[in-house]
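*Asks:* PDB, C-alpha atoms, saved as data-v7.pdb, coming up:
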ATOM      1  CA  MET V   1       0.000   0.000   0.000  1.00  0.00           C
ATOM      2  CA  THR V   2       1.330   3.415  -0.852  1.00  0.00           C
ATOM      3  CA  LYS V   3       1.944   5.569   2.172  1.00  0.00           C
ATOM      4  CA  PRO V   4      -0.012   8.831   2.155  1.00  0.00           C
ATOM      5  CA  SER V   5       2.064  11.994   2.020  1.00  0.00           C
ATOM      6  CA  ARG V   6       2.777  13.863   5.231  1.00  0.00           C
ATOM      7  CA  ILE V   7       0.330  16.625   4.325  1.00  0.00           C
ATOM      8  CA  ILE V   8      -2.462  14.092   3.656  1.00  0.00           C
ATOM      9  CA  GLU V   9      -1.753  12.428   7.012  1.00  0.00           C
ATOM     10  CA  GLU V  10      -1.816  15.776   8.832  1.00  0.00           C
ATOM     11  CA  MET V  11      -5.018  16.767   7.069  1.00  0.00           C
ATOM     12  CA  HIS V  12      -6.570  13.445   8.073  1.00  0.00           C
ATOM     13  CA  GLU V  13      -5.623  14.010  11.727  1.00  0.00           C
ATOM     14  CA  THR V  14      -7.029  17.557  11.607  1.00  0.00           C
ATOM     15  CA  VAL V  15     -10.343  16.428  10.124  1.00  0.00           C
ATOM     16  CA  GLN V  16     -10.606  13.648  12.724  1.00  0.00           C
ATOM     17  CA  GLY V  17     -10.055  16.241  15.449  1.00  0.00           C
ATOM     18  CA  LEU V  18     -12.687  18.548  13.990  1.00  0.00           C
ATOM     19  CA  HIS V  19     -15.116  15.634  13.844  1.00  0.00           C
ATOM     20  CA  ALA V  20     -14.349  14.644  17.437  1.00  0.00           C
ATOM     21  CA  GLY V  21     -14.988  18.258  18.461  1.00  0.00           C
ATOM     22  CA  GLY V  22     -18.352  18.292  16.721  1.00  0.00           C
ATOM     23  CA  LEU V  23     -17.317  20.753  14.015  1.00  0.00           C
ATOM     24  CA  ILE V  24     -17.684  18.236  11.167  1.00  0.00           C
ATOM     25  CA  ASP V  25     -20.815  16.123  10.873  1.00  0.00           C
ATOM     26  CA  GLU V  26     -20.869  12.362  10.306  1.00  0.00           C
ATOM     27  CA  ARG V  27     -21.719  12.659   6.602  1.00  0.00           C
ATOM     28  CA  ARG V  28     -18.756  14.932   5.846  1.00  0.00           C
ATOM     29  CA  MET V  29     -16.477  12.672   7.880  1.00  0.00           C
ATOM     30  CA  ARG V  30     -17.571   9.618   5.850  1.00  0.00           C
ATOM     31  CA  GLU V  31     -16.926  11.548   2.620  1.00  0.00           C
ATOM     32  CA  PHE V  32     -13.461  12.540   3.779  1.00  0.00           C
ATOM     33  CA  GLU V  33     -12.639   8.992   4.923  1.00  0.00           C
ATOM     34  CA  ALA V  34     -13.677   7.661   1.496  1.00  0.00           C
ATOM     35  CA  LEU V  35     -11.371  10.159  -0.226  1.00  0.00           C
ATOM     36  CA  TYR V  36      -8.552   9.352   2.203  1.00  0.00           C
ATOM     37  CA  ARG V  37      -8.857   5.610   1.537  1.00  0.00           C
ATOM     38  CA  ALA V  38      -9.093   6.170  -2.236  1.00  0.00           C
ATOM     39  CA  ASN V  39      -5.700   7.876  -2.062  1.00  0.00           C
ATOM     40  CA  GLN V  40      -4.107   4.692  -0.695  1.00  0.00           C
ATOM     41  CA  VAL V  41      -3.387   2.360  -3.607  1.00  0.00           C
ATOM     42  CA  PRO V  42      -1.857  -1.045  -2.844  1.00  0.00           C
ATOM     43  CA  LYS V  43       1.398  -2.047  -4.517  1.00  0.00           C
ATOM     44  CA  PHE V  44       1.413  -5.114  -6.750  1.00  0.00           C
ATOM     45  CA  ASN V  45       4.523  -7.198  -7.436  1.00  0.00           C
ATOM     46  CA  ALA V  46       5.176 -10.177  -9.722  1.00  0.00           C
ATOM     47  CA  ASP V  47       3.733 -12.714  -7.285  1.00  0.00           C
ATOM     48  CA  SER V  48       0.605 -10.708  -6.497  1.00  0.00           C
ATOM     49  CA  VAL V  49      -0.156 -10.085 -10.195  1.00  0.00           C
ATOM     50  CA  LYS V  50       0.296 -13.806 -10.950  1.00  0.00           C
ATOM     51  CA  ALA V  51      -1.896 -14.780  -7.994  1.00  0.00           C
ATOM     52  CA  LEU V  52      -4.641 -12.336  -8.992  1.00  0.00           C
ATOM     53  CA  ARG V  53      -4.617 -13.492 -12.610  1.00  0.00           C
ATOM     54  CA  SER V  54      -4.723 -17.119 -11.498  1.00  0.00           C
ATOM     55  CA  ARG V  55      -7.624 -16.450  -9.130  1.00  0.00           C
ATOM     56  CA  LEU V  56      -9.524 -14.646 -11.893  1.00  0.00           C
ATOM     57  CA  ASN V  57      -8.730 -17.560 -14.222  1.00  0.00           C
ATOM     58  CA  VAL V  58      -7.698 -15.330 -17.146  1.00  0.00           C
ATOM     59  CA  SER V  59      -4.728 -15.336 -19.508  1.00  0.00           C
ATOM     60  CA  GLN V  60      -2.099 -12.605 -19.588  1.00  0.00           C
ATOM     61  CA  ALA V  61      -3.646 -11.318 -22.819  1.00  0.00           C
ATOM     62  CA  ALA V  62      -7.124 -11.221 -21.283  1.00  0.00           C
ATOM     63  CA  LEU V  63      -5.889  -9.389 -18.176  1.00  0.00           C
ATOM     64  CA  ALA V  64      -4.131  -6.886 -20.434  1.00  0.00           C
ATOM     65  CA  ILE V  65      -7.369  -6.192 -22.314  1.00  0.00           C
ATOM     66  CA  ILE V  66      -9.359  -5.821 -19.086  1.00  0.00           C
ATOM     67  CA  ILE V  67      -7.000  -3.187 -17.662  1.00  0.00           C
ATOM     68  CA  ASN V  68      -6.180  -1.566 -21.027  1.00  0.00           C
ATOM     69  CA  THR V  69      -2.495  -2.416 -21.247  1.00  0.00           C
ATOM     70  CA  SER V  70      -0.406  -4.723 -23.420  1.00  0.00           C
ATOM     71  CA  ALA V  71       0.174  -8.425 -22.897  1.00  0.00           C
ATOM     72  CA  SER V  72       3.924  -7.735 -22.920  1.00  0.00           C
ATOM     73  CA  THR V  73       3.454  -5.367 -19.977  1.00  0.00           C
ATOM     74  CA  VAL V  74       1.583  -8.034 -17.998  1.00  0.00           C
ATOM     75  CA  ARG V  75       4.361 -10.524 -18.872  1.00  0.00           C
ATOM     76  CA  ALA V  76       6.975  -8.042 -17.617  1.00  0.00           C
ATOM     77  CA  TRP V  77       5.041  -7.541 -14.361  1.00  0.00           C
ATOM     78  CA  GLU V  78       4.839 -11.278 -13.789  1.00  0.00           C
ATOM     79  CA  ALA V  79       8.528 -11.729 -14.637  1.00  0.00           C
ATOM     80  CA  GLY V  80       9.396  -9.005 -12.136  1.00  0.00           C
ATOM     81  CA  THR V  81      11.180  -6.810 -14.699  1.00  0.00           C
ATOM     82  CA  LYS V  82       8.565  -4.056 -14.348  1.00  0.00           C
ATOM     83  CA  ASN V  83       6.100  -3.090 -11.644  1.00  0.00           C
ATOM     84  CA  PRO V  84       2.585  -1.765 -12.240  1.00  0.00           C
ATOM     85  CA  GLY V  85       2.270   1.992 -11.843  1.00  0.00           C
ATOM     86  CA  GLY V  86      -0.386   3.891  -9.885  1.00  0.00           C
ATOM     87  CA  PRO V  87      -3.320   3.692 -12.332  1.00  0.00           C
ATOM     88  CA  SER V  88      -2.602   0.039 -13.113  1.00  0.00           C
ATOM     89  CA  CYS V  89      -2.343  -0.767  -9.402  1.00  0.00           C
ATOM     90  CA  LYS V  90      -5.711   0.881  -8.831  1.00  0.00           C
ATOM     91  CA  LEU V  91      -7.307  -1.210 -11.591  1.00  0.00           C
ATOM     92  CA  LEU V  92      -5.668  -4.371 -10.225  1.00  0.00           C
ATOM     93  CA  GLU V  93      -6.966  -3.479  -6.759  1.00  0.00           C
ATOM     94  CA  ILE V  94     -10.511  -3.068  -8.127  1.00  0.00           C
ATOM     95  CA  LEU V  95     -10.214  -6.452  -9.841  1.00  0.00           C
ATOM     96  CA  ASP V  96      -8.943  -7.964  -6.610  1.00  0.00           C
ATOM     97  CA  ARG V  97     -11.789  -6.538  -4.521  1.00  0.00           C
ATOM     98  CA  LYS V  98     -14.735  -6.668  -6.918  1.00  0.00           C
ATOM     99  CA  GLY V  99     -13.836  -9.092  -9.687  1.00  0.00           C
ATOM    100  CA  ILE V 100     -13.825  -8.792 -13.461  1.00  0.00           C
ATOM    101  CA  GLU V 101     -17.440  -7.611 -13.638  1.00  0.00           C
ATOM    102  CA  ALA V 102     -16.431  -4.299 -12.061  1.00  0.00           C
ATOM    103  CA  LEU V 103     -14.303  -3.369 -15.085  1.00  0.00           C
ATOM    104  CA  LEU V 104     -16.347  -4.828 -17.924  1.00  0.00           C
TER     105      LEU V 104
END
In structure tokens, what does this structure look like?

*Replies:*
Amino acid sequence: MTKPSRIIEEMHETVQGLHAGGLIDERRMREFEALYRANQVPKFNADSVKALRSRLNVSQAALAIIINTSASTVRAWEAGTKNPGGPSCKLLEILDRKGIEALL
């Protein structure tokens, strides 16, 4: 998981304090928490990409189509010569949590 920047962490603490003090209502706090969590994208390595693809029961080419990348990129991820970047990690995380249907 990517670590939030210092400013995001400090902002999160401030908002939690404002909520605890009654200055931010529950609805706004839930909205902020959702944005805070959305900022934290998990990291995927060769093993985790292979495991996800295996669990989804799809080929490298099919996974590439689903997340709009090339099959050679997926091969490189699984070989450990490249790592997925932020947007790709987010798509892989969505696949991991919600399955293929979420992206089709």

*Asks:* Could you tell me, as a VMD selection string, exactly which residues end up selected when the PyMOL selection byres ((chain V and resi 7-12) around 10) is applied to this structure?

*Replies:* chain V and resid 3 to 6 13 to 18 29 32 to 33 36 39

*Asks:* Could you list the residues chosen by the PyMOL selection byres ((chain V and resi 74-77) around 8) in this structure as a ChimeraX atom specification?

*Replies:* /V:45-46,49,60-61,63-64,69-73,78-84

*Asks:* Using the chain letters and numbers from the file, give me the residues hit by the PyMOL selection byres ((chain V and resi 99) around 12), as a compact mmCIF listing (two decimals) with C-alpha atoms, in the coordinates of the input.

*Replies:*
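This went into part-v5.txt:
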# COMPACT_ATOMS: atom_id res chain seq x y z
CA LEU V 52 -4.64 -12.34 -8.99
CA ARG V 53 -4.62 -13.49 -12.61
CA ARG V 55 -7.62 -16.45 -9.13
CA LEU V 56 -9.52 -14.65 -11.89
CA ASN V 57 -8.73 -17.56 -14.22
CA VAL V 58 -7.70 -15.33 -17.15
CA LEU V 63 -5.89 -9.39 -18.18
CA ILE V 66 -9.36 -5.82 -19.09
CA LEU V 91 -7.31 -1.21 -11.59
CA LEU V 92 -5.67 -4.37 -10.22
CA GLU V 93 -6.97 -3.48 -6.76
CA ILE V 94 -10.51 -3.07 -8.13
CA LEU V 95 -10.21 -6.45 -9.84
CA ASP V 96 -8.94 -7.96 -6.61
CA ARG V 97 -11.79 -6.54 -4.52
CA LYS V 98 -14.74 -6.67 -6.92
CA ILE V 100 -13.82 -8.79 -13.46
CA GLU V 101 -17.44 -7.61 -13.64
CA ALA V 102 -16.43 -4.30 -12.06
CA LEU V 103 -14.30 -3.37 -15.08
CA LEU V 104 -16.35 -4.83 -17.92

*Asks:* So for range 87-102 of chain V, what box centre and size do we get, axis-aligned, 4 Å extra on each of the six sides, every listed atom, Å to one decimal, as JSON?

*Replies:*
{"center_x": -9.9, "center_y": -2.7, "center_z": -9.1, "size_x": 23.1, "size_y": 20.8, "size_z": 17.1}

*Asks:* Quick check, in Å to one decimal: how far apart do CA of Arg37 in chain V and CA of Ala20 in chain V lie?

*Replies:*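 Computing the Euclidean distance for CA of Arg37 in chain V and CA of Ala20 in chain V yields 19.1 Å.
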
*Asks:* One decimal, in Å: what's the spacing between CA of Gly86 in chain V and CA of Arg28 in chain V?

*Replies:* 26.6 Å

*Asks:* Enter the distance from CA of Asn68 in chain V to CA of Ala38 in chain V, in Å, rounded to one decimal.

*Replies:*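 Going from CA of Asn68 in chain V over to CA of Ala38 in chain V, I get 20.5 Å.
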